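Below is protein-v6.csv, which holds CSV, C-alpha atoms.
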```csv
chain,number,residue,atom,x,y,z
A,1,MET,CA,-11.1,57.2,-10.6
A,2,GLN,CA,-12.5,54.1,-12.4
A,3,SER,CA,-16.0,53.1,-11.7
A,4,ALA,CA,-17.1,49.6,-10.7
A,5,LYS,CA,-18.8,47.4,-13.2
A,6,VAL,CA,-21.4,44.7,-12.8
A,7,LEU,CA,-20.1,41.3,-13.9
A,8,ASP,CA,-22.3,39.7,-16.6
A,9,VAL,CA,-20.9,36.3,-17.8
A,10,PRO,CA,-22.4,35.4,-21.2
A,11,HIS,CA,-24.1,32.0,-21.4
A,12,GLU,CA,-22.1,31.0,-24.5
A,13,PHE,CA,-18.9,31.8,-22.7
A,14,THR,CA,-19.5,29.4,-19.9
A,15,TRP,CA,-20.6,26.2,-21.5
A,16,SER,CA,-17.2,24.6,-21.5
A,17,LEU,CA,-15.3,27.0,-19.3
A,18,GLN,CA,-12.9,25.4,-16.8
A,19,PHE,CA,-10.7,28.2,-15.7
A,20,LEU,CA,-12.2,31.6,-14.6
A,21,ASP,CA,-9.9,34.2,-13.2
A,22,LEU,CA,-11.3,37.7,-12.8
A,23,SER,CA,-9.3,38.7,-9.7
A,24,ASP,CA,-8.3,42.2,-8.7
A,25,ASN,CA,-10.7,44.1,-10.9
A,26,LEU,CA,-13.5,46.6,-10.2
A,27,PHE,CA,-16.5,44.3,-10.6
A,28,ALA,CA,-19.4,45.1,-8.2
A,29,GLY,CA,-22.9,44.1,-7.4
A,30,SER,CA,-24.0,40.5,-6.7
A,31,LEU,CA,-22.2,37.4,-7.7
A,32,PRO,CA,-23.4,36.1,-11.0
A,33,PRO,CA,-24.6,32.4,-11.1
A,34,LEU,CA,-22.0,30.2,-12.6
A,35,SER,CA,-23.9,27.0,-12.3
A,36,VAL,CA,-24.6,26.9,-16.0
A,37,SER,CA,-21.0,25.7,-16.4
A,38,LYS,CA,-20.8,22.1,-15.1
A,39,SER,CA,-17.1,21.9,-16.0
A,40,LEU,CA,-15.6,24.7,-13.9
A,41,VAL,CA,-12.4,23.6,-12.2
A,42,HIS,CA,-10.9,26.9,-11.0
A,43,VAL,CA,-12.8,30.1,-10.0
A,44,HIS,CA,-10.9,33.2,-8.9
A,45,LEU,CA,-13.0,36.3,-8.1
A,46,LYS,CA,-10.9,37.8,-5.3
A,47,GLY,CA,-10.1,41.5,-5.0
A,48,ASN,CA,-13.3,42.9,-6.4
A,49,ARG,CA,-16.3,44.7,-4.9
A,50,PHE,CA,-19.0,42.1,-4.9
A,51,THR,CA,-21.6,42.5,-2.3
A,52,GLY,CA,-24.6,40.7,-0.8
A,53,SER,CA,-24.8,37.0,0.0
A,54,ILE,CA,-23.5,34.1,-2.0
A,55,PRO,CA,-26.3,32.6,-4.1
A,56,GLU,CA,-27.2,29.0,-3.5
A,57,ASP,CA,-26.9,28.4,-7.3
A,58,LEU,CA,-23.5,30.0,-7.6
A,59,LEU,CA,-21.8,26.8,-8.6
A,60,ASP,CA,-22.8,23.3,-9.7
A,61,SER,CA,-19.5,21.6,-10.6
A,62,SER,CA,-18.4,18.4,-9.0
A,63,GLU,CA,-15.0,19.0,-10.6
A,64,LEU,CA,-14.3,22.3,-8.9
A,65,LEU,CA,-10.9,22.4,-7.3
A,66,THR,CA,-10.4,26.1,-6.4
A,67,LEU,CA,-12.8,28.7,-5.2
A,68,ASP,CA,-11.4,32.1,-4.2
A,69,LEU,CA,-13.9,34.8,-3.2
A,70,GLY,CA,-11.6,36.7,-0.9
A,71,GLY,CA,-11.2,40.4,-0.6
A,72,ASN,CA,-14.8,41.4,-1.4
A,73,ASN,CA,-17.7,42.8,0.6
A,74,LEU,CA,-19.8,39.6,0.7
A,75,SER,CA,-22.0,39.0,3.7
A,76,GLY,CA,-24.6,36.6,5.1
A,77,ASN,CA,-24.0,32.9,5.6
A,78,ILE,CA,-22.1,30.3,3.6
A,79,PRO,CA,-24.6,28.5,1.4
A,80,GLN,CA,-25.5,24.9,2.0
A,81,SER,CA,-24.8,24.1,-1.6
A,82,PHE,CA,-21.0,24.3,-0.9
A,83,SER,CA,-21.3,20.9,0.7
A,84,ALA,CA,-21.8,19.4,-2.7
A,85,LEU,CA,-18.4,20.6,-4.0
A,86,SER,CA,-17.0,17.2,-3.3
A,87,SER,CA,-13.7,17.7,-5.2
A,88,LEU,CA,-12.9,21.1,-3.7
A,89,ARG,CA,-9.2,21.5,-2.6
A,90,ILE,CA,-8.9,25.2,-2.0
A,91,LEU,CA,-11.6,27.5,-0.4
A,92,SER,CA,-10.9,31.2,0.4
A,93,LEU,CA,-13.5,33.5,1.8
A,94,ARG,CA,-11.1,35.8,3.6
A,95,GLU,CA,-11.6,39.5,4.1
A,96,ASN,CA,-15.4,39.6,3.7
A,97,ASN,CA,-18.3,40.3,6.1
A,98,PHE,CA,-19.6,36.8,6.8
A,99,LYS,CA,-21.1,36.3,10.2
A,100,GLY,CA,-22.6,33.5,12.4
A,101,GLN,CA,-21.1,30.2,13.3
A,102,ILE,CA,-18.8,28.3,10.9
A,103,PRO,CA,-21.3,25.8,9.3
A,104,HIS,CA,-20.6,22.1,10.1
A,105,PHE,CA,-21.4,21.1,6.5
A,106,LEU,CA,-18.0,22.4,5.5
A,107,CYS,CA,-16.7,19.3,7.2
A,108,GLN,CA,-18.2,17.4,4.2
A,109,LEU,CA,-15.5,18.9,2.0
A,110,SER,CA,-13.3,15.9,2.8
A,111,LYS,CA,-10.7,16.6,0.2
A,112,ILE,CA,-10.0,20.2,1.2
A,113,SER,CA,-6.3,21.1,1.7
A,114,ILE,CA,-6.4,24.9,2.2
A,115,MET,CA,-9.3,26.7,3.9
A,116,ASP,CA,-9.0,30.4,4.6
A,117,LEU,CA,-11.9,32.0,6.5
A,118,SER,CA,-9.8,34.8,8.1
A,119,SER,CA,-10.9,38.4,8.6
A,120,ASN,CA,-14.6,37.9,8.8
A,121,GLY,CA,-17.1,38.0,11.6
A,122,PHE,CA,-17.5,34.3,12.3
A,123,SER,CA,-18.4,33.5,15.9
A,124,GLY,CA,-19.0,30.6,18.2
A,125,PRO,CA,-16.8,27.5,18.6
A,126,ILE,CA,-14.4,25.9,16.1
A,127,PRO,CA,-16.2,22.8,14.7
A,128,GLN,CA,-14.8,19.6,16.1
A,129,CYS,CA,-15.6,17.9,12.8
A,130,PHE,CA,-12.7,19.6,11.1
A,131,ARG,CA,-10.8,16.5,12.0
A,132,ASN,CA,-12.6,14.8,9.1
A,133,LEU,CA,-10.9,17.1,6.5
A,134,SER,CA,-7.8,15.9,4.7
A,135,PHE,CA,-5.6,19.0,5.0
A,136,GLY,CA,-2.7,17.5,3.0
A,137,ASN,CA,-3.3,13.8,3.5
A,138,ARG,CA,-1.7,12.1,0.4
A,139,TRP,CA,-4.0,9.1,0.3
A,140,PHE,CA,-5.9,10.6,-2.6
A,141,ASP,CA,-4.7,9.0,-5.9
A,142,GLU,CA,-4.4,12.1,-8.0
A,143,ASP,CA,-2.1,15.1,-8.3
A,144,VAL,CA,-5.0,17.4,-9.4
A,145,PHE,CA,-2.8,20.5,-9.9
A,146,ARG,CA,-0.4,18.7,-12.3
A,147,GLN,CA,-0.9,20.2,-15.7
A,148,ASN,CA,-0.4,18.0,-18.8
A,149,SER,CA,-1.6,20.0,-21.7
A,150,LEU,CA,-3.6,23.1,-22.6
A,151,LEU,CA,-6.2,23.3,-25.3
A,152,GLY,CA,-7.8,26.5,-26.5
A,153,VAL,CA,-11.4,26.1,-27.6
A,154,GLY,CA,-12.9,29.4,-28.7
A,155,ARG,CA,-13.3,31.5,-25.6
A,156,SER,CA,-12.9,28.6,-23.2
A,157,VAL,CA,-9.8,27.2,-21.8
A,158,THR,CA,-9.4,23.5,-20.9
A,159,TYR,CA,-6.8,22.1,-18.5
A,160,ILE,CA,-6.2,18.3,-18.4
A,161,TYR,CA,-4.5,17.0,-15.2
A,162,ARG,CA,-2.7,13.8,-14.8
A,163,GLY,CA,-4.3,11.1,-12.6
A,164,ARG,CA,-1.2,9.8,-11.0
A,165,ILE,CA,1.1,10.8,-8.1
A,166,GLU,CA,4.3,12.4,-9.2
A,167,ARG,CA,6.3,14.4,-6.6
A,168,ASP,CA,9.0,15.9,-8.9
A,169,PHE,CA,8.4,19.4,-10.3
A,170,TYR,CA,8.3,20.2,-14.0
A,171,ASN,CA,11.6,21.5,-15.3
A,172,ILE,CA,11.0,23.9,-18.1
A,173,HIS,CA,14.3,23.3,-19.8
A,174,ASP,CA,13.9,19.5,-19.8
A,175,ARG,CA,10.3,19.6,-21.0
A,176,GLY,CA,11.3,22.4,-23.4
A,177,GLY,CA,9.8,24.8,-25.8
A,178,ASP,CA,7.8,28.0,-25.9
A,179,GLU,CA,4.6,26.0,-25.8
A,180,PHE,CA,5.5,24.6,-22.4
A,181,ASP,CA,6.5,28.0,-21.1
A,182,TYR,CA,3.0,29.3,-22.0
A,183,GLN,CA,1.4,26.3,-20.3
A,184,GLN,CA,3.6,27.0,-17.2
A,185,ASP,CA,2.3,30.5,-17.0
A,186,LYS,CA,-1.3,29.3,-17.0
A,187,GLN,CA,-1.1,27.0,-14.0
A,188,ASP,CA,-3.4,27.6,-11.1
A,189,GLN,CA,-2.0,29.8,-8.3
A,190,PHE,CA,-3.2,30.8,-4.9
A,191,GLU,CA,-2.1,33.3,-2.3
A,192,PHE,CA,-2.0,32.2,1.3
A,193,ILE,CA,-0.6,33.8,4.5
A,194,THR,CA,1.7,31.5,6.3
A,195,LYS,CA,4.9,32.0,8.4
A,196,ASN,CA,3.8,35.6,8.8
A,197,ARG,CA,4.2,36.2,5.0
A,198,HIS,CA,2.0,36.4,2.0
A,199,LEU,CA,3.1,33.5,-0.2
A,200,THR,CA,1.9,32.5,-3.6
A,201,TYR,CA,1.7,28.8,-4.4
A,202,LYS,CA,1.6,27.8,-8.0
A,203,GLY,CA,1.1,24.7,-10.0
A,204,ASN,CA,2.2,21.3,-8.6
A,205,ILE,CA,3.2,22.7,-5.2
A,206,LEU,CA,-0.5,23.2,-4.5
A,207,ASN,CA,-0.7,19.4,-4.2
A,208,PHE,CA,1.5,19.5,-1.2
A,209,MET,CA,0.5,22.7,0.6
A,210,SER,CA,-2.1,22.6,3.3
A,211,GLY,CA,-3.4,25.1,5.9
A,212,LEU,CA,-6.3,26.3,8.0
A,213,ASP,CA,-6.6,30.1,8.7
A,214,LEU,CA,-9.4,31.2,11.0
A,215,SER,CA,-7.7,34.3,12.3
A,216,SER,CA,-9.3,37.7,12.9
A,217,ASN,CA,-12.8,36.5,13.7
A,218,ASN,CA,-14.9,36.4,16.9
A,219,LEU,CA,-14.5,32.7,17.6
A,220,THR,CA,-15.0,31.6,21.2
A,221,GLY,CA,-14.7,28.4,23.4
A,222,GLN,CA,-11.8,26.0,23.6
A,223,ILE,CA,-9.5,24.8,20.9
A,224,PRO,CA,-10.9,21.4,19.9
A,225,TYR,CA,-8.7,18.6,20.9
A,226,GLU,CA,-9.6,16.9,17.7
A,227,LEU,CA,-7.6,19.4,15.6
A,228,GLY,CA,-4.6,17.4,16.7
A,229,GLN,CA,-5.6,14.7,14.3
A,230,LEU,CA,-4.7,16.9,11.3
A,231,SER,CA,-1.3,15.2,11.1
A,232,SER,CA,-0.5,16.4,7.6
A,233,ILE,CA,-1.4,20.1,8.0
A,234,HIS,CA,1.4,22.6,7.4
A,235,ALA,CA,0.0,25.9,8.7
A,236,LEU,CA,-2.6,26.6,11.4
A,237,ASN,CA,-3.6,30.1,12.3
A,238,LEU,CA,-6.2,30.8,15.1
A,239,SER,CA,-4.9,34.2,16.1
A,240,TYR,CA,-7.0,37.3,16.9
A,241,ASN,CA,-10.0,35.5,18.3
A,242,HIS,CA,-11.5,35.0,21.8
A,243,LEU,CA,-10.5,31.4,22.4
A,244,THR,CA,-10.1,30.2,26.0
A,245,GLY,CA,-8.8,27.1,27.8
A,246,VAL,CA,-5.4,25.4,27.3
A,247,ILE,CA,-3.3,24.5,24.2
A,248,PRO,CA,-4.3,20.9,23.5
A,249,ASN,CA,-1.5,18.3,24.1
A,250,SER,CA,-2.8,16.7,20.9
A,251,PHE,CA,-1.1,19.4,18.9
A,252,SER,CA,2.1,17.3,19.4
A,253,ASN,CA,0.6,15.0,16.7
A,254,LEU,CA,0.8,17.7,14.0
A,255,SER,CA,4.1,16.2,12.7
A,256,SER,CA,4.1,18.2,9.5
A,257,LEU,CA,3.3,21.6,11.0
A,258,GLU,CA,5.5,24.5,9.9
A,259,SER,CA,3.6,27.5,11.3
A,260,LEU,CA,1.4,27.7,14.4
A,261,ASP,CA,-0.1,31.1,15.4
A,262,LEU,CA,-2.3,31.2,18.6
A,263,SER,CA,-1.6,34.8,19.5
A,264,TYR,CA,-4.1,37.4,20.7
A,265,ASN,CA,-6.5,35.0,22.4
A,266,ASN,CA,-7.4,34.3,26.1
A,267,LEU,CA,-5.6,31.0,26.4
A,268,SER,CA,-4.3,29.9,29.8
A,269,GLY,CA,-2.2,27.1,31.3
A,270,GLU,CA,1.2,26.0,30.2
A,271,ILE,CA,2.8,25.5,26.8
A,272,PRO,CA,2.8,21.7,26.4
A,273,SER,CA,6.3,20.4,26.5
A,274,GLU,CA,5.3,17.8,23.9
A,275,LEU,CA,5.3,20.5,21.2
A,276,SER,CA,9.0,20.5,21.2
A,277,GLY,CA,8.8,17.3,19.2
A,278,LEU,CA,7.4,19.3,16.2
A,279,ASN,CA,10.6,19.1,14.2
A,280,PHE,CA,9.4,21.1,11.2
A,281,LEU,CA,8.0,24.0,13.2
A,282,GLU,CA,9.5,27.3,11.9
A,283,VAL,CA,7.1,29.9,13.1
A,284,PHE,CA,5.4,29.8,16.5
A,285,SER,CA,3.5,32.5,18.4
A,286,VAL,CA,1.4,32.5,21.5
A,287,ALA,CA,1.8,36.2,22.2
A,288,HIS,CA,-0.8,38.1,24.2
A,289,ASN,CA,-2.6,35.3,26.0
A,290,ASN,CA,-2.7,34.3,29.7
A,291,LEU,CA,-0.1,31.5,29.6
A,292,SER,CA,2.1,30.6,32.5
A,293,GLY,CA,4.9,28.3,33.5
A,294,ARG,CA,8.2,27.3,31.8
A,295,ILE,CA,8.7,27.7,28.0
A,296,PRO,CA,10.2,24.7,26.3
A,297,ASP,CA,13.6,25.5,25.1
A,298,ASN,CA,14.8,22.3,23.3
A,299,ASN,CA,14.7,21.4,19.6
A,300,GLN,CA,12.8,24.0,17.5
A,301,PHE,CA,11.7,26.0,20.5
A,302,GLY,CA,15.3,27.1,21.0
A,303,THR,CA,15.1,29.1,17.8
A,304,PHE,CA,12.0,31.3,18.5
A,305,ASP,CA,12.6,34.9,19.8
A,306,ASN,CA,10.9,36.9,22.5
A,307,SER,CA,8.1,38.2,20.3
A,308,SER,CA,6.6,34.7,20.2
A,309,TYR,CA,5.8,35.0,23.9
A,310,ASP,CA,5.0,38.8,24.4
A,311,GLY,CA,2.1,39.7,26.6
A,312,ASN,CA,2.3,36.6,28.9
A,313,PRO,CA,3.8,38.0,32.1
A,314,PHE,CA,3.7,34.6,33.9
A,315,LEU,CA,5.8,32.7,31.4
A,316,CYS,CA,9.4,32.2,32.2
A,317,GLY,CA,12.3,30.7,30.3
A,318,SER,CA,15.9,31.1,29.1
A,319,ILE,CA,15.0,32.9,25.9
A,320,ILE,CA,12.9,35.7,27.5
A,321,LYS,CA,13.6,38.3,30.2
A,322,ASN,CA,11.7,36.5,32.9
A,323,LYS,CA,14.0,33.7,33.8
A,324,CYS,CA,12.9,30.6,35.7
A,325,ASP,CA,15.0,30.2,38.9
A,326,ALA,CA,16.1,26.6,38.8
A,327,ASN,CA,17.8,27.0,42.3
A,328,GLU,CA,14.8,28.4,44.1
A,329,PRO,CA,14.2,26.3,47.2
A,330,SER,CA,10.9,24.6,47.7
A,331,LEU,CA,8.4,26.3,50.0
A,332,LEU,CA,6.9,22.9,51.0
A,333,PRO,CA,8.3,21.1,54.1
A,334,THR,CA,10.5,18.1,53.4
A,335,VAL,CA,9.3,14.9,55.1
A,336,PHE,CA,11.8,12.1,55.3
A,337,PRO,CA,10.6,8.6,55.0
A,338,ASP,CA,13.0,7.4,57.8
A,339,GLU,CA,11.1,7.7,61.1
A,340,SER,CA,14.4,7.6,63.0
A,341,GLU,CA,15.3,11.0,61.7
A,342,GLY,CA,12.3,12.5,63.4
A,343,LYS,CA,9.5,14.6,62.0
A,344,TRP,CA,9.6,18.3,61.2
A,345,TYR,CA,7.2,19.0,64.1
A,346,ASP,CA,9.1,17.1,66.9
A,347,ILE,CA,9.6,19.2,70.1
A,348,ASP,CA,12.8,19.1,72.3
A,349,LEU,CA,11.3,18.9,75.8
A,350,VAL,CA,14.4,20.1,77.6
A,351,VAL,CA,14.7,23.2,75.4
A,352,PHE,CA,11.0,23.9,75.8
A,353,SER,CA,11.0,23.6,79.6
A,354,ALA,CA,14.0,25.8,80.0
A,355,SER,CA,12.6,28.5,77.8
A,356,PHE,CA,9.2,28.3,79.6
A,357,VAL,CA,10.8,28.8,83.1
A,358,ALA,CA,13.0,31.6,81.9
A,359,SER,CA,10.0,33.4,80.3
A,360,TYR,CA,7.8,32.9,83.4
A,361,SER,CA,10.6,34.2,85.7
A,362,ILE,CA,11.1,37.3,83.6
A,363,ILE,CA,7.4,38.1,83.7
A,364,VAL,CA,7.1,37.7,87.5
A,365,LEU,CA,10.2,39.7,88.2
A,366,GLY,CA,9.0,42.5,85.9
A,367,LEU,CA,5.6,42.6,87.6
A,368,ALA,CA,7.2,42.7,91.1
A,369,THR,CA,9.5,45.5,90.1
A,370,LEU,CA,6.6,47.6,88.7
A,371,LEU,CA,4.6,47.2,91.9
A,372,TYR,CA,7.6,48.1,94.1
A,373,ILE,CA,8.3,51.3,92.2
A,374,ASN,CA,4.7,52.5,91.7
A,375,PRO,CA,2.6,52.8,94.9
A,376,TYR,CA,-0.6,53.5,92.9
A,377,TRP,CA,-0.4,50.3,90.8
A,378,ARG,CA,0.6,48.4,94.0
A,379,ARG,CA,-2.7,49.5,95.7
A,380,ARG,CA,-4.7,48.7,92.6
A,381,TRP,CA,-3.1,45.2,92.5
A,382,PHE,CA,-3.9,44.5,96.1
A,383,ASN,CA,-7.5,45.8,95.6
A,384,LEU,CA,-7.9,43.5,92.6
A,385,ILE,CA,-6.7,40.5,94.6
A,386,GLU,CA,-9.1,41.3,97.4
A,387,GLU,CA,-12.0,41.6,95.0
A,388,CYS,CA,-11.1,38.3,93.4
A,389,MET,CA,-11.0,36.6,96.8
A,390,CYS,CA,-14.4,38.1,97.8
A,391,SER,CA,-15.9,36.9,94.5
A,392,SER,CA,-14.5,33.4,95.0
A,393,TYR,CA,-15.8,33.2,98.5
A,394,TYR,CA,-19.3,34.4,97.4
A,395,PHE,CA,-19.5,31.8,94.6
A,396,ALA,CA,-18.2,29.1,96.9
A,397,SER,CA,-20.8,29.8,99.5
A,398,VAL,CA,-23.6,29.9,97.1
```
As C-alpha cells, the full file:
Amino acid sequence: MQSAKVLDVPHEFTWSLQFLDLSDNLFAGSLPPLSVSKSLVHVHLKGNRFTGSIPEDLLDSSELLTLDLGGNNLSGNIPQSFSALSSLRILSLRENNFKGQIPHFLCQLSKISIMDLSSNGFSGPIPQCFRNLSFGNRWFDEDVFRQNSLLGVGRSVTYIYRGRIERDFYNIHDRGGDEFDYQQDKQDQFEFITKNRHLTYKGNILNFMSGLDLSSNNLTGQIPYELGQLSSIHALNLSYNHLTGVIPNSFSNLSSLESLDLSYNNLSGEIPSELSGLNFLEVFSVAHNNLSGRIPDNNQFGTFDNSSYDGNPFLCGSIIKNKCDANEPSLLPTVFPDESEGKWYDIDLVVFSASFVASYSIIVLGLATLLYINPYWRRRWFNLIEECMCSSYYFASV
C-alpha cells in the first residue's frame, strides 16, 4: 500500500503557473499556500488526503476560475479570503468535513456558475443572498473556458482564453492538426453530479453549465423564496437535509432548470402546479418528505415515475398507486343562491307533527301496557304520583 506524501510546491515552479492539477493522488497534510502565484487560473486538488483547515493565504489570484478541493478531509470554516476571488466560476468543497453555517460572503462571488458544497456538515439556513449569484447568466462578456492557444514555458503552462462570446464548439477536424488535439486534451474539466449521474464537463461546455449542490448536509429552515430568481440555473440539489416548509412557488421562474432534487427533507404542503411550466425539467424528486395533495401530471410531470414521490403517503395522482378520486362527492352542504328552493335546514311542519304524535302515542301505550301487566310497577307508579302530588301541595302551601 502506497504511503501518503506531503505536498511541497517549489517557489520557482509557481511564479507563472496558471493550471495546477494534482487530483486523485496521495498527498496529505495541510494545504500548501499557493498565494505566491498571482496568475493561477485553475486549481484542482480533489481526491487527496489533505487535512486541517483551509489557510487564509491559500490563494491570491484575481484570475482564478476553478477551485476544486473536493474529496479530502478538510475541516473548519471557509476562509474569508475566498470573497476576494472575484473571477471564480467553479467552486467545489464537496466530501469534506466543513461545519457551521454557509458563510454569507460566498454571495460576493457574483460570477459563480457551479458551487458544490455537498456531503459536509454545514448547518443553519440556506443564505437568501444566493439570489445575487449568476449561476449561468450570460450577461458576462467573456467565454472564459474557451481555449485559444497553449504555450509551454519551462515548468509552467499558460492558457490564453478568448474574450468574446462564441457558442459553437470547437471541431477538431476543422481546426485540424496534432497541435490542436494536444490543446484539446489540456482543457479544463470538472465533475459535477446532476440528473442523478456523475458527469464530467470539459472545455467550452463549462461556459454554459450551472448548478448548486447543497445536498447531504444538516441545513435547516425553509427553502428561501429568493432561490426562484436563479432563472439560468440548470441543476439544483437540496436533498438529504432537514429543510421544512413548502416548496416555493417562485421555483416556477427557474426556466432553464433541468434537474431538481428536494428528496429526504421535511417539506410539507402541496407540489406547486406552476412547476409544470418548467419545460426543460428532466429529473425531479421530492421523495421522503411530508407532502400532500394532487401531483401535477401535465407537461414534463407526466414523464416522472413513482420513485420521484416515494415516502409521501398523502400525495395522490394518476402516476402513483394512490389515485385521486375525481368523482368523490363533497362533504360540505350545498347552499343554493335561489331562496325559493329553500334552505337545507327547512322543516316540513306536517311531517314533523305527524311523527311527534305517533311517537308520543307509542310511548303512552307502551307505558300503559307495562303497568297493566306488572302489578309491582303499577303500585310503584301510583306511589310516585302520590309523592309528586304531596310535594307539589307542600311547595304551593309554603
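Those residues that approach A:Asp21 to within 9 Å, counting all atoms listed in the file, are His42, Val43, His44, Leu45 and Lys46 of chain A; same-chain residues fewer than 6 positions away are not listed.
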Between atom CA of A:Asp60 and atom CA of A:Leu88, what distance in Å does the model show, to one decimal? 11.8 Å
So that I can check the surroundings of A:Leu291, please list as a ChimeraX atom specification every protein, DNA and RNA residue that reaches within 6 Å of it, counting all atoms listed in the file and ignoring chain neighbours fewer than 4 positions away. /A:268-270,312
Now that the selection is made, can you save its residues with C-alpha atoms as an mmCIF file, in the coordinates of the input?
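Saved the output as again-v2.cif:
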```cif
data_model
loop_
_atom_site.group_PDB
_atom_site.id
_atom_site.type_symbol
_atom_site.label_atom_id
_atom_site.label_comp_id
_atom_site.auth_asym_id
_atom_site.auth_seq_id
_atom_site.Cartn_x
_atom_site.Cartn_y
_atom_site.Cartn_z
ATOM 1 C CA SER A 268 -4.300 29.900 29.800
ATOM 2 C CA GLY A 269 -2.200 27.100 31.300
ATOM 3 C CA GLU A 270 1.200 26.000 30.200
ATOM 4 C CA ASN A 312 2.300 36.600 28.900
#
```
Near-stretch 117-124 of chain A list (10 Å; only C-alpha atoms; drop same-chain fewer than 2 positions) as a PyMOL selection string: chain A and resi 70-71+74-75+77+91-103+114-115+126-127+193+212-221+237-243
Those residues you just picked out, can you put them in a file as an mmCIF file, in the coordinates of the input with C-alpha atoms?
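Saved the output as part.cif:
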```cif
data_model
loop_
_atom_site.group_PDB
_atom_site.id
_atom_site.type_symbol
_atom_site.label_atom_id
_atom_site.label_comp_id
_atom_site.auth_asym_id
_atom_site.auth_seq_id
_atom_site.Cartn_x
_atom_site.Cartn_y
_atom_site.Cartn_z
ATOM 1 C CA GLY A 70 -11.600 36.700 -0.900
ATOM 2 C CA GLY A 71 -11.200 40.400 -0.600
ATOM 3 C CA LEU A 74 -19.800 39.600 0.700
ATOM 4 C CA SER A 75 -22.000 39.000 3.700
ATOM 5 C CA ASN A 77 -24.000 32.900 5.600
ATOM 6 C CA LEU A 91 -11.600 27.500 -0.400
ATOM 7 C CA SER A 92 -10.900 31.200 0.400
ATOM 8 C CA LEU A 93 -13.500 33.500 1.800
ATOM 9 C CA ARG A 94 -11.100 35.800 3.600
ATOM 10 C CA GLU A 95 -11.600 39.500 4.100
ATOM 11 C CA ASN A 96 -15.400 39.600 3.700
ATOM 12 C CA ASN A 97 -18.300 40.300 6.100
ATOM 13 C CA PHE A 98 -19.600 36.800 6.800
ATOM 14 C CA LYS A 99 -21.100 36.300 10.200
ATOM 15 C CA GLY A 100 -22.600 33.500 12.400
ATOM 16 C CA GLN A 101 -21.100 30.200 13.300
ATOM 17 C CA ILE A 102 -18.800 28.300 10.900
ATOM 18 C CA PRO A 103 -21.300 25.800 9.300
ATOM 19 C CA ILE A 114 -6.400 24.900 2.200
ATOM 20 C CA MET A 115 -9.300 26.700 3.900
ATOM 21 C CA ILE A 126 -14.400 25.900 16.100
ATOM 22 C CA PRO A 127 -16.200 22.800 14.700
ATOM 23 C CA ILE A 193 -0.600 33.800 4.500
ATOM 24 C CA LEU A 212 -6.300 26.300 8.000
ATOM 25 C CA ASP A 213 -6.600 30.100 8.700
ATOM 26 C CA LEU A 214 -9.400 31.200 11.000
ATOM 27 C CA SER A 215 -7.700 34.300 12.300
ATOM 28 C CA SER A 216 -9.300 37.700 12.900
ATOM 29 C CA ASN A 217 -12.800 36.500 13.700
ATOM 30 C CA ASN A 218 -14.900 36.400 16.900
ATOM 31 C CA LEU A 219 -14.500 32.700 17.600
ATOM 32 C CA THR A 220 -15.000 31.600 21.200
ATOM 33 C CA GLY A 221 -14.700 28.400 23.400
ATOM 34 C CA ASN A 237 -3.600 30.100 12.300
ATOM 35 C CA LEU A 238 -6.200 30.800 15.100
ATOM 36 C CA SER A 239 -4.900 34.200 16.100
ATOM 37 C CA TYR A 240 -7.000 37.300 16.900
ATOM 38 C CA ASN A 241 -10.000 35.500 18.300
ATOM 39 C CA HIS A 242 -11.500 35.000 21.800
ATOM 40 C CA LEU A 243 -10.500 31.400 22.400
#
```
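The two atoms in question, atom CA of A:Leu64 and atom CA of A:Gln80, are spaced 15.8 Å apart.
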May I ask which of the residues A:Gln187, A:Arg131, A:Gly52, A:Phe356 is the closest one to A:Leu254, counting all atoms listed in the file?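 Of A:Gln187, A:Arg131, A:Gly52, A:Phe356, the one nearest A:Leu254 is A:Arg131, counting all atoms listed in the file.
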Within 7 Å of (7.7, 20.7, 22.9) in the file's own coordinates, which protein, DNA or RNA residues have an atom, counting all atoms listed in the file? List them as a PyMOL selection string. chain A and resi 272-278+296
Nearest to A:Gln128 among A:Leu40, A:Leu230, A:Ala28, A:Ile54, with distances taken over all atoms listed in the file: which residue is it?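 So, comparing all the options, the nearest one is A:Leu230.
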Please, what distance in Å, to one decimal, runs between atom CA of A:Asp68 and atom CA of A:Ser23? 8.8 Å
Extract, using only C-alpha atoms, all DNA, RNA and protein residues at most 9 Å from A:Glu226, discarding same-chain residues fewer than 3 positions from it, and format them as an mmCIF file with C-alpha atoms, in the frame of the given file.
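Heads up, here's the output in result.cif:
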```cif
data_model
loop_
_atom_site.group_PDB
_atom_site.id
_atom_site.type_symbol
_atom_site.label_atom_id
_atom_site.label_comp_id
_atom_site.auth_asym_id
_atom_site.auth_seq_id
_atom_site.Cartn_x
_atom_site.Cartn_y
_atom_site.Cartn_z
ATOM 1 C CA GLN A 128 -14.800 19.600 16.100
ATOM 2 C CA CYS A 129 -15.600 17.900 12.800
ATOM 3 C CA PHE A 130 -12.700 19.600 11.100
ATOM 4 C CA ARG A 131 -10.800 16.500 12.000
ATOM 5 C CA ILE A 223 -9.500 24.800 20.900
ATOM 6 C CA GLN A 229 -5.600 14.700 14.300
ATOM 7 C CA LEU A 230 -4.700 16.900 11.300
ATOM 8 C CA PRO A 248 -4.300 20.900 23.500
ATOM 9 C CA SER A 250 -2.800 16.700 20.900
ATOM 10 C CA PHE A 251 -1.100 19.400 18.900
#
```
List the residues sitting within 12 Å of (8.7, 25.5, 22.4) in the file's frame, using only C-alpha atoms, as an MDAnalysis selection string. chainID A and resid 252 260 270:279 281:286 294:306 308:309 315:319
Kindly list the centre and edge lengths in Å, rounded to one decimal, for the axis-aligned box that covers all listed atoms of stretch 293-308 of chain A plus 3 Å on each of its six sides, as lines of an AutoDock Vina configuration file.
```
center_x = 10.1
center_y = 29.8
center_z = 25.5
size_x = 16.4
size_y = 22.8
size_z = 22.0
```
Can you work out which one of A:Cys388, A:Leu109, A:Leu22, A:Leu267 has the shortest atom-to-atom distance to A:Ser62, counting all atoms listed in the file?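 Between A:Cys388, A:Leu109, A:Leu22, A:Leu267, the residue approaching A:Ser62 most closely is A:Leu109.
You can rank A:Leu59, A:Ile90, A:Cys324, A:Ile247 by their closest distance to A:Met209 using all atoms listed in the file, and at the top of that list sits A:Ile90.
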Looking at A:Ser81, A:Asn73, A:Asn374, A:Asn289, which one is nearest to A:Glu56, with distances taken over all atoms listed in the file?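 Distance minimum relative to A:Glu56 lands on A:Ser81.
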